Structures are given as structure tokens and as C-alpha cells.
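Visitor: The structure that follows is given in the form of C-alpha cells.
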Amino acid sequence: MTMLNDYFFWVVALGTMILGATAAVVGTTVVLEKQSQLGDAIGHSVFPGIVFSFILFQTRHPLVLTAGAFVAGLVAFQLIHWIHRHSEFSYESILALILSSMFGLGMVLYSYIQGNPNFQRAAQAGLNRYIMGQAAYLMIDDVILISVTSLCILFTFIVFFPKIKLVLFDKVFAKSIGISTERVSKGLLLLCLLVICIGIKTVGIILISSMLVVPTVAASQWTKHYRSLVILSGFIGTVCALIGTYFSTVVSDLATGPMIVIAQTLCALLSILFAPSGVLWQFLRRKDVSV
């Protein structure tokens with residue numbers, strides 16, 4: 001219980017909870033648009049932007065590295081759509097190509113600066129934390145960046161919620177009343193990219209897509225109404241972030257990001273089993289019918 005009075009614990013917990021809520025809310029659109037794999041590809045593709053920003057400015061300030069990640073994510077996003085438009089390859093193959101090539105480029109750049117005398121004066125030890133994430137090293141500047149960006153993301157989402165809902169569920173009707181479905185879809189992917197950029201230091205580029213997808217999977221077992229799905233997903237993302245942060249702090253040698261994802265996954269599995277439309281209740285209903 002003494003941990004609950006610890007300042008550094010609440011700095012990390014506040015950052016992960018805000019990130020968990022924002023990622024879960026935006027993640028509802030990713031899941032419903034069936035773009036979960038795109039989030040994973042973009043997540044891996046931002047790493048060269050982080051390293052290249054460090055090479056240019058020789059600083060690990062979160063705003064500089066996040067800006068580099070955002071630019072790299074935009075480049076990856078444009079490459080995916082350009083190749084998809086001008087080739088006959090499957091969408092999944094293109095995602096795999098961009099994911100592996102961009103992440104490989106990031107690792108090459110990271111290897112280049114290791115031991116390079118031109119970068120000895122700049123602290124580069126923390127760059128590898130963006131691969132697996134290390135929420136325990138979140139500082140107040142990181143939390144401020146996460147908070148401000150999340151507020152902008154959530155404000156945009158709420159303002160355009162009616163249009164977003166129409167585009168997700170009835171694109172034909174949305175077009176008929178003058179809504180540009182392509183712009184809305186690109187805007188949603190842009191919000192997803194922002195979430196990825198502010199979350200990679202916390203959970204890493206490998207696990208960030210899980211924070212977008214898993215809370216929606218859990219929430220969708222309990223409701224079929226989109227507004228309720230958004231609220232419940234945000235709640236699950238927030239609570240699981242707090243639980244994961246707490247256990248990773250109490251138990252030594254437990255990474256915070258993976259613990260958050262494990263908490264969300266357990267929540268999703270329990271929802272799949274015990275929700276009214278879950279596996280257990282369906283099994284019991286079939287058993288009653290057969291009897």
C-alpha cells in the first residue's frame with residue numbers, strides 16, 4: 001500500500017493510464033476498419049525516425065524523438081498506399097514489406113551510432129528502450145507530452161464522432177450526404193499514428209498495436225453499440241494500465257509495458273468466456289437446447 005503514496009509510481013501510472021485510455025478509444029476505429037495489421041506495421045516503421053532525429057539533433061528530448069517518429073510513420077503510411085495502388089501484391093504482403101524494411105533501417109541506423117565518435121557527446125543509451133518500451137523510465141516531460149497529445153486526439157475524436165460513426169458503419173450513406181469517407185479514414189489513421197508515437201517509449205514498438213486492439217476485443221463482447229464500445233474500451237484500457245503498472249512496480253524485474261498488455265489480454269479472454277455472448281454462455285445454451 002505504501003506504493004500508492006509514491007510520487008514516481010503515480011508519474012508512471014498517470015502516463016500509462018492516459019495512454020491506455022486514448023489508445024483504446026482510437027483502437028475501436030482500427031478494429032472496426034479491419035486495419036489492425038496496419039497499426040502493427042506503422043508501429044515498427046517509426047523506429048528509423050527516432051534514430052534519425054537523434055542523429056540530426058543529438059538529443060533524446062521526447063518531443064524531438066516523437067516528431068521524428070511521426071514523420072517516419074507518415075512516410076511508411078504513404079509508401080503502403082502507393083505500393084498498394086500501383087502493384088498487384090496483397091495488402092498483407094505490403095504491410096510485411098514495409099514493416100520489416102523500415103524496422104531494419106532503424107536497426108542499421110542504431111548500429112551506426114553505436115561506438116561512433118561523432119555521437120559520443122550525446123546520450124544515446126535510452127534509444128533501445130523504444131523497441132521493447134520501458135515505462136519505468138517515464139519522466140514528467142514524457143507524461144506532459146502524452147497528456148497534451150492525448151487531449152488533442154480525444155477532443156478531435158469527440159468533435160468528429162458523428163461522422164466517424166457514419167463512416168465506420170455506413171460508408172454509402174456517409175458519401176450520399178456529402179461526407180468525404182476517404183478523408184475521415186485518413187484522419188483516423190493519423191490519430192492512430194499519433195497514439196503510436198506517444199506510446200512507443202512506454203510499451204515499445206512491438207507491443208503498441210496491442211494497446212490499440214485488445215481493449216476493443218474485450219469491450220465488444222459486452223456491447224454492440226458503438227458509443228458504449230468506445231466508453232468501455234477506454235475504461236478497460238485505463239484500468240488495465242493501472243493494474244499492469246502496479247504489479248510491475250511491486251514485483252521486481254517485471255516490465256511495465258508487457259504487464260499492461262498481459263492485463264488487457266486476460267481481460268479480453270475473460271470477456272470472451274463469460275460475457276453474455278461469450279463461449280461459456282453459448283455452450284450452456286446449446287446444452288439446454290439439446291436436453
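By order of appearance in the C-alpha cells: chains A, B, ..., then residues from 1 within every chain, and ligands from 1 in the order shown.
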Find the nearest atom pair between each residue of segment 220-247 of chain A and segment 17-25 of chain A for residues within 10 Å, count only C-alpha atoms, give distances in Å to one decimal, sort rows by chain and ascending number, and present the table as JSON lines.
Guide:
{"residue": "A:Leu229", "atom": "CA", "partner": "A:Val25", "partner_atom": "CA", "distance": 8.6}
{"residue": "A:Val230", "atom": "CA", "partner": "A:Val25", "partner_atom": "CA", "distance": 5.4}
{"residue": "A:Ile231", "atom": "CA", "partner": "A:Val25", "partner_atom": "CA", "distance": 7.4}
{"residue": "A:Leu232", "atom": "CA", "partner": "A:Val25", "partner_atom": "CA", "distance": 8.8}
{"residue": "A:Ser233", "atom": "CA", "partner": "A:Ala24", "partner_atom": "CA", "distance": 5.4}
{"residue": "A:Gly234", "atom": "CA", "partner": "A:Ala21", "partner_atom": "CA", "distance": 4.3}
{"residue": "A:Phe235", "atom": "CA", "partner": "A:Ala21", "partner_atom": "CA", "distance": 6.5}
{"residue": "A:Ile236", "atom": "CA", "partner": "A:Ala21", "partner_atom": "CA", "distance": 7.6}
{"residue": "A:Gly237", "atom": "CA", "partner": "A:Gly20", "partner_atom": "CA", "distance": 4.4}
{"residue": "A:Thr238", "atom": "CA", "partner": "A:Met17", "partner_atom": "CA", "distance": 4.6}
{"residue": "A:Val239", "atom": "CA", "partner": "A:Met17", "partner_atom": "CA", "distance": 7.2}
{"residue": "A:Cys240", "atom": "CA", "partner": "A:Gly20", "partner_atom": "CA", "distance": 7.8}
{"residue": "A:Ala241", "atom": "CA", "partner": "A:Met17", "partner_atom": "CA", "distance": 5.2}
{"residue": "A:Leu242", "atom": "CA", "partner": "A:Met17", "partner_atom": "CA", "distance": 6.0}
{"residue": "A:Ile243", "atom": "CA", "partner": "A:Met17", "partner_atom": "CA", "distance": 9.5}
{"residue": "A:Gly244", "atom": "CA", "partner": "A:Met17", "partner_atom": "CA", "distance": 9.8}
{"residue": "A:Thr245", "atom": "CA", "partner": "A:Met17", "partner_atom": "CA", "distance": 8.9}
Visitor: Under the rule that only C-alpha atoms are counted, which of A:Ile164, A:Ala136, A:Cys192, A:Val214 is the nearest residue to Val250 of chain A?
Guide: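 Counting only C-alpha atoms, the residue closest to Val250 of chain A is A:Ala136.
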Visitor: Just want the 12 Å neighbourhood of Leu99 of chain A, counted on only C-alpha atoms, with same-chain residues fewer than 2 positions away dropped. Output as a VMD selection string.
Guide: chain A and resid 37 to 48 72 to 73 75 to 77 79 to 80 92 to 97 101 to 106 205 to 206
Visitor: Only N, CA and C atoms, please: the residues just picked out, written as a short mmCIF file (atom, residue, chain, number, x, y, z; two decimals), in the first residue's frame.
Guide:
data_model
loop_
_atom_site.label_atom_id
_atom_site.label_comp_id
_atom_site.auth_asym_id
_atom_site.auth_seq_id
_atom_site.Cartn_x
_atom_site.Cartn_y
_atom_site.Cartn_z
N GLN A 37 -3.54 -4.79 -38.54
CA GLN A 37 -2.19 -5.08 -39.02
C GLN A 37 -1.47 -3.81 -39.46
N LEU A 38 -2.22 -2.84 -39.95
CA LEU A 38 -1.61 -1.57 -40.34
C LEU A 38 -1.01 -0.87 -39.13
N GLY A 39 -1.70 -0.92 -38.00
CA GLY A 39 -1.15 -0.33 -36.78
C GLY A 39 0.15 -0.99 -36.38
N ASP A 40 0.24 -2.29 -36.52
CA ASP A 40 1.48 -3.01 -36.20
C ASP A 40 2.60 -2.59 -37.13
N ALA A 41 2.29 -2.47 -38.43
CA ALA A 41 3.30 -2.08 -39.41
C ALA A 41 3.80 -0.66 -39.15
N ILE A 42 2.90 0.26 -38.88
CA ILE A 42 3.31 1.64 -38.60
C ILE A 42 4.12 1.70 -37.31
N GLY A 43 3.72 0.90 -36.33
CA GLY A 43 4.45 0.88 -35.07
C GLY A 43 5.91 0.50 -35.25
N HIS A 44 6.18 -0.48 -36.08
CA HIS A 44 7.56 -0.88 -36.34
C HIS A 44 8.28 0.13 -37.23
N SER A 45 7.54 0.85 -38.03
CA SER A 45 8.15 1.74 -39.03
C SER A 45 8.64 3.06 -38.45
N VAL A 46 8.23 3.40 -37.23
CA VAL A 46 8.62 4.70 -36.68
C VAL A 46 10.03 4.70 -36.10
N PHE A 47 10.61 3.51 -35.91
CA PHE A 47 11.92 3.44 -35.25
C PHE A 47 13.02 4.19 -36.00
N PRO A 48 13.13 4.08 -37.34
CA PRO A 48 14.17 4.86 -38.01
C PRO A 48 14.00 6.36 -37.85
N ALA A 72 8.43 9.50 -39.79
CA ALA A 72 8.69 8.16 -40.32
C ALA A 72 7.39 7.38 -40.50
N GLY A 73 6.45 7.54 -39.56
CA GLY A 73 5.16 6.87 -39.70
C GLY A 73 4.38 7.37 -40.90
N VAL A 75 5.71 8.58 -43.65
CA VAL A 75 6.40 8.03 -44.83
C VAL A 75 5.97 6.59 -45.06
N ALA A 76 5.93 5.80 -43.99
CA ALA A 76 5.52 4.40 -44.11
C ALA A 76 4.08 4.29 -44.59
N PHE A 77 3.22 5.14 -44.05
CA PHE A 77 1.81 5.13 -44.43
C PHE A 77 1.64 5.44 -45.92
N LEU A 79 3.94 5.10 -48.27
CA LEU A 79 4.54 4.02 -49.04
C LEU A 79 3.58 2.84 -49.18
N ILE A 80 2.91 2.50 -48.09
CA ILE A 80 1.96 1.38 -48.12
C ILE A 80 0.86 1.63 -49.13
N GLU A 92 -1.58 -7.51 -47.16
CA GLU A 92 -0.80 -8.08 -46.06
C GLU A 92 0.67 -8.19 -46.43
N SER A 93 0.96 -8.53 -47.69
CA SER A 93 2.36 -8.63 -48.12
C SER A 93 3.05 -7.27 -48.10
N ILE A 94 2.31 -6.24 -48.50
CA ILE A 94 2.88 -4.89 -48.50
C ILE A 94 3.16 -4.44 -47.06
N LEU A 95 2.25 -4.74 -46.15
CA LEU A 95 2.47 -4.39 -44.76
C LEU A 95 3.71 -5.07 -44.20
N ALA A 96 3.87 -6.35 -44.54
CA ALA A 96 5.05 -7.09 -44.07
C ALA A 96 6.33 -6.50 -44.66
N LEU A 97 6.27 -6.09 -45.92
CA LEU A 97 7.44 -5.50 -46.58
C LEU A 97 7.85 -4.19 -45.90
N SER A 101 11.28 -3.73 -43.63
CA SER A 101 12.30 -2.86 -44.22
C SER A 101 12.53 -1.61 -43.37
N MET A 102 11.46 -0.99 -42.89
CA MET A 102 11.61 0.22 -42.08
C MET A 102 12.25 -0.10 -40.72
N PHE A 103 11.84 -1.20 -40.12
CA PHE A 103 12.44 -1.58 -38.84
C PHE A 103 13.91 -1.94 -39.03
N GLY A 104 14.20 -2.63 -40.15
CA GLY A 104 15.60 -2.95 -40.46
C GLY A 104 16.44 -1.70 -40.66
N LEU A 105 15.87 -0.69 -41.32
CA LEU A 105 16.57 0.57 -41.49
C LEU A 105 16.86 1.22 -40.14
N GLY A 106 15.90 1.16 -39.24
CA GLY A 106 16.11 1.72 -37.92
C GLY A 106 17.23 1.01 -37.17
N ILE A 205 7.70 -0.42 -29.62
CA ILE A 205 7.12 -0.52 -30.96
C ILE A 205 6.54 -1.90 -31.25
N ILE A 206 6.94 -2.89 -30.47
CA ILE A 206 6.46 -4.25 -30.72
C ILE A 206 5.07 -4.46 -30.12
#
Visitor: Which residues are close to segment 141-147 of chain A, i.e. within 9 Å by only C-alpha atoms, leaving aside same-chain residues fewer than 5 positions away? Reply as a PDB file with C-alpha atoms, in the first residue's frame.
Guide:
ATOM      1  CA  VAL A  11       4.015   9.680 -12.605  1.00  0.00           C
ATOM      2  CA  VAL A  12       4.358   6.396 -14.490  1.00  0.00           C
ATOM      3  CA  LEU A  14      -0.666   8.628 -14.937  1.00  0.00           C
ATOM      4  CA  GLY A  15       1.218   8.343 -18.214  1.00  0.00           C
ATOM      5  CA  THR A  16       0.214   4.727 -18.829  1.00  0.00           C
ATOM      6  CA  ILE A  18      -3.842   8.281 -20.176  1.00  0.00           C
ATOM      7  CA  LEU A  19      -2.115   6.366 -22.954  1.00  0.00           C
ATOM      8  CA  HIS A  61      14.167  15.014 -25.744  1.00  0.00           C
ATOM      9  CA  PRO A  62      10.784  13.242 -26.090  1.00  0.00           C
ATOM     10  CA  LEU A  63       9.293  15.954 -28.317  1.00  0.00           C
ATOM     11  CA  CYS A 152      -5.896  16.786 -28.682  1.00  0.00           C
ATOM     12  CA  VAL A 195      -1.089   7.345 -30.414  1.00  0.00           C
ATOM     13  CA  ILE A 198       3.461   8.910 -27.911  1.00  0.00           C
ATOM     14  CA  GLY A 199       3.196   5.310 -26.715  1.00  0.00           C
ATOM     15  CA  LYS A 201       8.532   4.701 -25.178  1.00  0.00           C
TER      16      LYS A 201
END
Visitor: When you draw a straight line from atom CA of Arg286 of chain A to atom CA of Leu273 of chain A, how long is it in Å?
Guide: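 Between atom CA of Arg286 of chain A and atom CA of Leu273 of chain A the gap is 14.9 Å.
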